[in-house]
Amino acid sequence: MNVFLKHSPFPNMVKESRLLNWAAAFLFLYALVLTLAPAVRVHTLQTALNWRHWIGVAVWAVGVWWVHRTLQRYLGDHDPYLFPLGALLSGWGLLTIWRLDTSLGWRQTLWLGLGWLLLGLGVRWPNLLLWLRRFKYVWLALGLLLVALTLVFGTYPAGEGPGLWLGCCGFYVQPAEPLKILLLIYLAAYLAERLPFSFDLTSLVAPTLVVVGVAVALLVIQRDLGTASLLLILYTLVLYLATGKRRILLFTLAGLILAAWIGGAVFGLIHRRLLAWWDPWSQAGGVGYQIIQSLIAVAEGGLLGTGPGLGSPGFVPVAHSDFIAVAITEETGLLGLVGLLGIVGLLVIRSLIVAVRAPNLYRRLLAAGLGVYLGGQSALIIGGNLRLFPLTGVTLPFVSYGGSSLIVSFVALLFLLQISATEETMATPVTTVQPFRVVGGGFLALLALLAVLGGWWGVVRGEALRIRADNLRWVVAERFVPRGRILDRQENVLVQNEGQAGNYRRVVLYPPLASTLGFIHPQLGKAGLEAGLDGYLRGWLGQPAWNILLARLLYAQPPQGLDVRLTLSLELQRAADAAMTGRQGALVVLNAQSGEILALVSQPSYDPNHLDEDWEQWKADPRAPLLNRVTQGQYPPGTALTPFLWGVQKLSPEQGDTSPQSLALQTAQGRFPCARMPALPLNWASAAQAGCPWVTLALAQGLGSEQLSALWSALGFGTPIQLPLPMAQASFPPADASLESLITGEAAWYLSPLQMAQAVAVLQQGVRPDIHLVGAVKSPQQGWIVLPVGAGTEVALLGRDIQQLEAWADGDLPVWMAFGRGQSGEKTVMWVLAGTVPNWQGSPLVAVLALEEGTAEEGEQIMRDVLAAALR
C-alpha cells in the first residue's frame, strides 16, 4: 500500500511516492536494528533496548508525508527524485546521529522538523526565486555581514574552538552555511543578466571575482579553510557552466595548489592539515590521529559492515559531523558507502538535468550551482575522510549534525524543486551541453574513485588497519565478550573475568605474578601475557574459522576467548614469592629437560587490580616495579660465568699455584672480590663455587678466546628466547673485551636471568631446551590442546664434565649451588645458580637468582627454600 500518495494527476508524483516508500522501509528497518542492537551485543533480550530514535523516525515520517502532499498540491509535476533523495539522506543522517549521541539526536530532530516546515511553506511561495534574484545584492551583503560579525562576536557552541557561530542560549547559526547559497543566487542572477550582452570574459568575471575574494578572505581570517575552498570550487564550476571556458578550471586548479603551498608555509593550521593528509602514519598520536581513526573505522566496516548500532564509530573524533560518512561506513560497510555515494551522485545528476531543462538562464545556473554545491561538498568531506583530499571540516549535506547545515541543505532542495516544477514551460536553449556533461561526468568519476578508495582501505588494507595498536575497539569487545582465563599447570585460576556482559572487568587473582601475567586496560593497553596471548584469550586464535566468521557476522564481535594453561606451578610460585619477600631481584625455576618454566619471580611487583589508582606512582618508582626482571632484566654476569667454565675445563698444575695460601692471597688482593667467602678446605673447587674472580680468569685462560666464543654461543647467549612476553635482547660479549673487563664491569655485557637459566640447563643436560611458559589452550570443540614444543638443540661443549658440579652439592638437598658477583658501575648483583645433582632420579631442575640488594648468604637461603619446595 502506498503510504505517501492516495491519488495524483501527475505521473511523477506516483514515482516519487514509491521512492519515498522505499526510503521509509529502509529507515524503518535501520531503526529496528538500532533498537535491537543492545540485545545483540549481550546475546539476550533481557536488557534495555534503544527506543528514543523512534521519535526522530516519527518526525521524519510526518514531515515527509506533509511535504509530499504539499508538493503534490503546489508544485505539480516536479522532479520525482529530488525530494526522496534528500529525505533519505536526512533520515539516514538523523538515525546515525541518534545512534552516536542521544542529546544530539534530540537537537537534530528539532532542526529536521524546522527543515520540513521551511520546505513545506517554501513550496507555497511561487515567486520566491524571482524575489531572491531581485534583491541579490542585499542578500549577499547580509550574508557577508553575518560572516564578518563572527570575527567579533563568533563563538563555538561546544565550548573551546573556532568562533564560526553566532547566537547564544543554546541556539546558534553558522553564517558561512547560508553564504554558500546566497553567493550562488548572486552569481546566477549576475551572470544571467550580463552573459547575453558581454563578450569579454575579463569584464564579466572581474566584479564577481571581487565579491568572491571578499567572502574567501573573511573565511580565511576565520580559519574556515574548508568553506573557503568550497566557495572557490563553486565559483569556478558555475563560471565554467556559464561560459564553457575550460581555462577557468585550469586557472582555479593552479590557484588552489598555489594557495595550499603558500598557506602551508604561512599558516600553521594549513600546514598541519597538509601534513596529516600527506603522512598521517608518522603523526599517529598528533595531527594524523583523526584521519587514521577514520581509516580504521572504514577497515572495521569491511565489505558488509558491523551492523547498525554494533560498531564503535565513537572512537573517530567528531563522528557526528565531519566524519559521519565513516561512522555510516563502519556499520554498513563498503556496501553502505557505495549506497551513500550513489545517492549523492544521483542527486547531482538530477540537479544538472533540472538545470538543462530550466526555463531561463538564471534558474539554469542556480540549479547547476546547487547541484555542484551538494555534490562538491559531499565529495570534499568524504574524500577527506578517505585521505583523497586534506581534511576540510565541512559537513556532509543532509547527513551531518548541525542546524545551519541541515537548513541550508533543505533550502537548496527547495530551490531545486521549484526550478524543476517549471520544466513544462519552454526552456531556454542551451548553447552547449558539453560543460554540463563534463561536470556531471567528473562528479560521477570522483564518486567512483571514492568508492574504490573505500574498498582499498576497507578490504585490501582492512586487516593491517584493524590490528593497529591505536585501534581501541578491543576495549568494547572486552566489555561484552568473555575473555579466556589464565590457569597454572594444575588449572588453578590466575586471571579471569568478573561481572556481566556489558560490564566485564578483568581480575588478577594472584597479583604477585603481575609482571608476567600483565594487564589489559582501556587507556594503558595490554602488557605481559595478556598482550602476548591476546589471540587465544580474545578468541581470534584457536577457534574454528566458521565460529569467528559467525560471531563477526551476527554480533560484530570476536568469539568467546579460550582458556590458557601455563607451565607454572602456583604452589611453587607461592613458595618462591614468599622466599623473595622484601627483596629486589629476579628468580626463575626451569625443568632443564622439557624447558618448562615452573616459577618466576620479579620483585618488586605491582597489583594490576589497582592500575587506575597507582599507575603514576609505579611509573615514577625508581625500583621499576613494572619491569619483568626475569625476562627483561639486564645484569652483568661477572663471576657467575664460573660454573660454565668449571663444567667444561679441568685445571692442571701448570695453570698456577693451587695451594690454599696462594688462593687466599689471590682472593684478598683481587680488585674484584669473591661473591662469598669460599668454604673450607680452601681449594680451586670451593673458590670457584664462591665466585672468586681469579679462578674464573684461570679457567678462561685455559680455554682461549676461540673456545670461549664457541662456549658462549653453545650456551645460547646470543640466541633470542621466544616467549609471549617482552624479552631482553640477546647479547654476546663485545669482540674486543677481555674477560677481566667483563668481570669487573669495565666492558658492557648483560644477561637476563632467563638467559642464564637456559645456559645452566645446557650445561646440565647438554641440550639447549625450548623454553616455554604456555602449555595448552582449551578449545570448545576438542578440550585441552597441548601446544607443540621443540625438542631442544643438542650442543657440544668441549670437555663437558657434569660430575665436576658434584663438588658443589648441598649436604641436605640433592642440588648443587654456585655463586657469582656482577658489577656495572656502582651497581652490584649477586647471582646464585643451582641445579639438581647428576644422579637425581626425578625431573632435572635448574634455578637462577639475581639479587640486586643482599648478600650471597641471603641468596643461598632463598634458593634453598625454593628448591626444597620444588623437589617436594
# chains A, B, ... in the order shown; residues from 1 in each chain; ligands from 1
>>> select_by_dssp(residues="segment 381-559 of chain A", states="strand (DSSP E)", output="PyMOL selection string")
chain A and resi 486-487+493-498+505-508+519-521+525-527
>>> residues_around(residues="segment 638-649 of chain A", least_positions_apart="3", cutoff="7 Å", atoms="only C-alpha atoms", output="PyMOL selection string")
chain A and resi 688+691-693+696+699-700+742-744+763+797-802+804-805+818-823+831
>>> atom_distance(atom1="atom CA of Gln500 of chain A", atom2="atom CA of Glu478 of chain A")
11.2 Å
>>> atom_distance(atom1="atom CA of Val354 of chain A", atom2="atom CA of Val205 of chain A")
25.0 Å
>>> residues_around(residues="Gln377 of chain A", least_positions_apart="3", cutoff="9 Å", atoms="only C-alpha atoms", output="short mmCIF file (atom, residue, chain, number, x, y, z; two decimals) with C-alpha atoms, in the first residue's frame")
data_model
loop_
_atom_site.label_atom_id
_atom_site.label_comp_id
_atom_site.auth_asym_id
_atom_site.auth_seq_id
_atom_site.Cartn_x
_atom_site.Cartn_y
_atom_site.Cartn_z
CA THR A 227 34.31 26.62 3.32
CA LEU A 230 34.41 25.14 -1.37
CA VAL A 372 27.56 21.40 -7.62
CA TYR A 373 27.28 22.62 -4.03
CA LEU A 374 25.59 19.45 -2.77
CA LEU A 380 35.14 17.10 -0.39
CA ILE A 381 34.30 15.80 3.08
CA ILE A 382 34.07 12.11 2.14
CA VAL A 394 32.85 20.96 6.05
CA THR A 395 29.68 18.99 6.71
CA LEU A 396 28.02 16.28 4.65
CA PRO A 397 24.81 17.88 3.30
#
>>> atom_distance(atom1="atom CA of Asn839 of chain A", atom2="atom CA of Asp488 of chain A")
28.9 Å
>>> select_by_dssp(residues="segment 355-547 of chain A", states="alpha helix (DSSP H)", output="number ranges by chain")
A: 355-356, 361-385, 403-420, 434-455, 462-466, 473-480, 514-517, 528-532, 534-538, 545-547
>>> write_last_selection(atoms="C-alpha atoms", output="tab-separated table (two decimals), in the first residue's frame")
chain	number	residue	atom	x	y	z
A	355	ALA	CA	19.38	22.85	-14.86
A	356	VAL	CA	19.45	21.87	-18.53
A	361	LEU	CA	19.46	31.19	-17.64
A	362	TYR	CA	19.11	32.38	-14.04
A	363	ARG	CA	17.32	29.21	-12.93
A	364	ARG	CA	19.65	27.07	-15.02
A	365	LEU	CA	22.79	28.44	-13.39
A	366	LEU	CA	21.20	28.36	-9.95
A	367	ALA	CA	20.10	24.71	-10.30
A	368	ALA	CA	23.52	23.71	-11.62
A	369	GLY	CA	25.23	25.64	-8.83
A	370	LEU	CA	23.07	23.97	-6.19
A	371	GLY	CA	23.87	20.55	-7.60
A	372	VAL	CA	27.56	21.40	-7.62
A	373	TYR	CA	27.28	22.62	-4.03
A	374	LEU	CA	25.59	19.45	-2.77
A	375	GLY	CA	27.88	17.12	-4.72
A	376	GLY	CA	31.08	19.12	-4.25
A	377	GLN	CA	30.74	19.48	-0.51
A	378	SER	CA	29.86	15.80	-0.18
A	379	ALA	CA	32.85	14.70	-2.23
A	380	LEU	CA	35.14	17.10	-0.39
A	381	ILE	CA	34.30	15.80	3.08
A	382	ILE	CA	34.07	12.11	2.14
A	383	GLY	CA	37.33	12.44	0.20
A	384	GLY	CA	38.90	13.96	3.32
A	385	ASN	CA	37.64	11.04	5.40
A	403	GLY	CA	21.15	23.02	12.22
A	404	SER	CA	22.76	25.51	9.86
A	405	SER	CA	23.98	22.79	7.52
A	406	LEU	CA	20.66	20.91	7.54
A	407	ILE	CA	18.53	24.01	6.95
A	408	VAL	CA	20.76	25.19	4.10
A	409	SER	CA	20.55	21.72	2.54
A	410	PHE	CA	16.74	21.92	2.67
A	411	VAL	CA	16.83	25.42	1.18
A	412	ALA	CA	18.91	24.06	-1.71
A	413	LEU	CA	16.38	21.24	-2.13
A	414	LEU	CA	13.52	23.74	-2.07
A	415	PHE	CA	15.08	25.82	-4.84
A	416	LEU	CA	15.74	22.72	-6.95
A	417	LEU	CA	12.15	21.55	-6.54
A	418	GLN	CA	10.80	24.94	-7.57
A	419	ILE	CA	13.06	25.09	-10.62
A	420	SER	CA	12.16	21.53	-11.64
A	434	GLN	CA	29.27	19.91	-23.02
A	435	PRO	CA	30.10	21.76	-19.76
A	436	PHE	CA	27.20	20.03	-18.04
A	437	ARG	CA	28.38	16.67	-19.31
A	438	VAL	CA	31.94	17.39	-18.16
A	439	VAL	CA	30.83	18.46	-14.68
A	440	GLY	CA	28.37	15.57	-14.32
A	441	GLY	CA	30.85	13.02	-15.62
A	442	GLY	CA	33.58	14.48	-13.42
A	443	PHE	CA	31.43	14.13	-10.33
A	444	LEU	CA	30.49	10.56	-11.17
A	445	ALA	CA	34.16	9.68	-11.76
A	446	LEU	CA	35.12	11.30	-8.48
A	447	LEU	CA	32.44	9.42	-6.57
A	448	ALA	CA	33.50	6.17	-8.25
A	449	LEU	CA	37.09	6.88	-7.18
A	450	LEU	CA	35.89	7.38	-3.62
A	451	ALA	CA	34.11	4.02	-3.76
A	452	VAL	CA	37.30	2.33	-4.97
A	453	LEU	CA	39.27	4.08	-2.24
A	454	GLY	CA	36.75	2.85	0.33
A	455	GLY	CA	37.35	-0.68	-0.93
A	462	GLY	CA	41.49	-3.72	6.22
A	463	GLU	CA	43.38	-6.32	8.24
A	464	ALA	CA	46.51	-4.16	8.57
A	465	LEU	CA	44.41	-1.27	9.89
A	466	ARG	CA	42.30	-3.37	12.24
A	473	ARG	CA	37.71	-1.18	19.58
A	474	TRP	CA	39.02	-4.14	21.52
A	475	VAL	CA	38.07	-2.16	24.62
A	476	VAL	CA	34.40	-2.51	23.69
A	477	ALA	CA	34.80	-6.21	22.88
A	478	GLU	CA	36.35	-6.81	26.30
A	479	ARG	CA	33.25	-5.38	27.98
A	480	PHE	CA	30.81	-7.61	26.10
A	514	ALA	CA	51.69	-9.30	37.76
A	515	SER	CA	54.93	-8.69	35.88
A	516	THR	CA	54.33	-11.93	33.98
A	517	LEU	CA	50.54	-12.03	33.75
A	528	GLY	CA	52.60	-9.25	29.73
A	529	LEU	CA	50.83	-12.48	28.85
A	530	GLU	CA	47.58	-10.55	28.37
A	531	ALA	CA	49.26	-8.99	25.36
A	532	GLY	CA	51.37	-11.96	24.23
A	534	ASP	CA	45.82	-11.97	23.27
A	535	GLY	CA	44.96	-14.01	20.16
A	536	TYR	CA	43.92	-17.03	22.25
A	537	LEU	CA	42.45	-15.10	25.18
A	538	ARG	CA	40.39	-12.93	22.83
A	545	ALA	CA	37.20	-20.17	11.20
A	546	TRP	CA	33.43	-20.61	10.90
A	547	ASN	CA	32.98	-19.70	14.56
>>> closest_residue(among="A:Thr631, A:Val216, A:Ala188, A:Ala501", to="Leu239 of chain A", atoms="only C-alpha atoms")
A:Ala188
>>> closest_atom_pairs(of="segment 61-109 of chain A", to="segment 117-136 of chain A", cutoff="10 Å", atoms="only C-alpha atoms", output="CSV")
residue,atom,partner,partner_atom,distance
A:Gly63,CA,A:Leu117,CA,7.7
A:Val64,CA,A:Gly120,CA,9.4
A:Trp66,CA,A:Gly120,CA,7.3
A:Val67,CA,A:Gly120,CA,5.0
A:His68,CA,A:Gly120,CA,8.4
A:Arg69,CA,A:Gly120,CA,9.0
A:Thr70,CA,A:Gly120,CA,6.2
A:Leu71,CA,A:Val123,CA,6.7
A:Arg73,CA,A:Arg124,CA,9.0
A:Tyr74,CA,A:Arg124,CA,6.0
A:Leu75,CA,A:Val123,CA,6.7
>>> write_last_selection(atoms="all heavy atoms", output="short mmCIF file (atom, residue, chain, number, x, y, z; two decimals), in the first residue's frame")
data_model
loop_
_atom_site.label_atom_id
_atom_site.label_comp_id
_atom_site.auth_asym_id
_atom_site.auth_seq_id
_atom_site.Cartn_x
_atom_site.Cartn_y
_atom_site.Cartn_z
N GLY A 63 6.87 14.59 8.65
CA GLY A 63 7.36 15.68 7.80
C GLY A 63 7.36 15.31 6.34
O GLY A 63 6.95 16.10 5.48
N VAL A 64 7.81 14.10 6.03
CA VAL A 64 7.84 13.65 4.63
C VAL A 64 6.40 13.58 4.07
O VAL A 64 6.14 14.00 2.93
CB VAL A 64 8.53 12.27 4.53
CG1 VAL A 64 8.30 11.65 3.16
CG2 VAL A 64 10.02 12.43 4.78
N TRP A 66 3.73 15.25 5.02
CA TRP A 66 3.16 16.59 4.84
C TRP A 66 3.79 17.32 3.66
O TRP A 66 3.10 17.93 2.84
CB TRP A 66 3.35 17.39 6.13
CG TRP A 66 2.84 18.79 6.03
CD1 TRP A 66 1.54 19.19 5.89
CD2 TRP A 66 3.63 19.99 6.04
NE1 TRP A 66 1.46 20.55 5.82
CE2 TRP A 66 2.73 21.08 5.91
CE3 TRP A 66 4.99 20.25 6.17
CZ2 TRP A 66 3.17 22.41 5.90
CZ3 TRP A 66 5.43 21.56 6.16
CH2 TRP A 66 4.52 22.62 6.02
N VAL A 67 5.12 17.27 3.55
CA VAL A 67 5.79 17.96 2.44
C VAL A 67 5.39 17.32 1.11
O VAL A 67 5.17 18.03 0.11
CB VAL A 67 7.32 17.92 2.63
CG1 VAL A 67 8.03 18.45 1.39
CG2 VAL A 67 7.73 18.74 3.86
N HIS A 68 5.30 16.00 1.09
CA HIS A 68 4.90 15.33 -0.15
C HIS A 68 3.51 15.77 -0.60
O HIS A 68 3.28 16.06 -1.79
CB HIS A 68 4.92 13.82 0.08
CG HIS A 68 4.44 13.03 -1.10
ND1 HIS A 68 5.11 13.00 -2.31
CD2 HIS A 68 3.34 12.24 -1.26
CE1 HIS A 68 4.45 12.22 -3.15
NE2 HIS A 68 3.37 11.76 -2.54
N ARG A 69 2.57 15.84 0.33
CA ARG A 69 1.24 16.31 -0.01
C ARG A 69 1.25 17.77 -0.46
O ARG A 69 0.51 18.18 -1.38
CB ARG A 69 0.29 16.14 1.19
CG ARG A 69 0.09 14.68 1.62
CD ARG A 69 -0.58 13.88 0.50
NE ARG A 69 -1.90 14.41 0.20
CZ ARG A 69 -3.02 14.03 0.77
NH1 ARG A 69 -2.96 13.11 1.74
NH2 ARG A 69 -4.19 14.54 0.43
N THR A 70 2.09 18.57 0.17
CA THR A 70 2.20 19.98 -0.21
C THR A 70 2.79 20.12 -1.61
O THR A 70 2.34 20.95 -2.41
CB THR A 70 3.06 20.74 0.81
OG1 THR A 70 2.53 20.55 2.12
CG2 THR A 70 3.08 22.23 0.50
N LEU A 71 3.78 19.32 -1.91
CA LEU A 71 4.37 19.34 -3.25
C LEU A 71 3.33 18.94 -4.29
O LEU A 71 3.26 19.52 -5.39
CB LEU A 71 5.57 18.38 -3.30
CG LEU A 71 6.84 18.80 -2.58
CD1 LEU A 71 7.85 17.66 -2.56
CD2 LEU A 71 7.46 20.02 -3.27
N ARG A 73 0.25 19.42 -4.20
CA ARG A 73 -0.76 20.46 -4.38
C ARG A 73 -0.20 21.71 -5.05
O ARG A 73 -0.88 22.33 -5.88
CB ARG A 73 -1.36 20.82 -3.02
CG ARG A 73 -2.43 21.89 -3.07
CD ARG A 73 -3.04 22.10 -1.71
NE ARG A 73 -4.04 23.15 -1.74
CZ ARG A 73 -4.71 23.58 -0.67
NH1 ARG A 73 -4.44 23.04 0.53
NH2 ARG A 73 -5.61 24.54 -0.78
N TYR A 74 1.05 22.09 -4.72
CA TYR A 74 1.55 23.40 -5.13
C TYR A 74 2.61 23.36 -6.24
O TYR A 74 2.79 24.35 -6.95
CB TYR A 74 2.14 24.15 -3.93
CG TYR A 74 1.09 24.61 -2.95
CD1 TYR A 74 0.78 23.82 -1.84
CD2 TYR A 74 0.40 25.80 -3.13
CE1 TYR A 74 -0.18 24.23 -0.93
CE2 TYR A 74 -0.57 26.21 -2.24
CZ TYR A 74 -0.86 25.42 -1.13
OH TYR A 74 -1.81 25.83 -0.24
N LEU A 75 3.35 22.27 -6.37
CA LEU A 75 4.43 22.28 -7.37
C LEU A 75 4.16 21.33 -8.53
O LEU A 75 5.01 21.20 -9.41
CB LEU A 75 5.77 21.93 -6.71
CG LEU A 75 6.44 23.05 -5.91
CD1 LEU A 75 7.86 22.64 -5.57
CD2 LEU A 75 6.45 24.36 -6.68
#
>>> closest_residue(among="A:Ser90, A:Gln293, A:Gln634, A:Ser824", to="Ala730 of chain A", atoms="only C-alpha atoms")
A:Gln634
>>> residues_around(residues="Ala284 of chain A", least_positions_apart="5", cutoff="12 Å", atoms="only C-alpha atoms", output="count of residues only")
16
>>> closest_residue(among="A:Gly859, A:Gly86, A:Gly716, A:Pro622", to="Leu346 of chain A", atoms="only C-alpha atoms")
A:Gly86
>>> closest_residue(among="A:Val777, A:Val316, A:Leu19, A:Ile771", to="Ala791 of chain A", atoms="only C-alpha atoms")
A:Ile771
>>> closest_residue(among="A:Gly393, A:Pro511, A:Pro637, A:Gly499", to="Ser321 of chain A", atoms="only C-alpha atoms")
A:Gly393
>>> residues_around(residues="Leu627 of chain A", least_positions_apart="3", cutoff="10 Å", atoms="only C-alpha atoms", output="list in words")
Ala514, Ser515, Thr516, Gly528, Ser602, Gln603, Pro604, Ser605, Tyr606, Lys619, Arg623, Ala624, Val630, Thr631, Gln632, Gly633 and Pro726 of chain A
>>> closest_residue(among="A:Arg272, A:His772, A:Arg357, A:Arg52", to="Arg99 of chain A", atoms="only C-alpha atoms")
A:Arg52
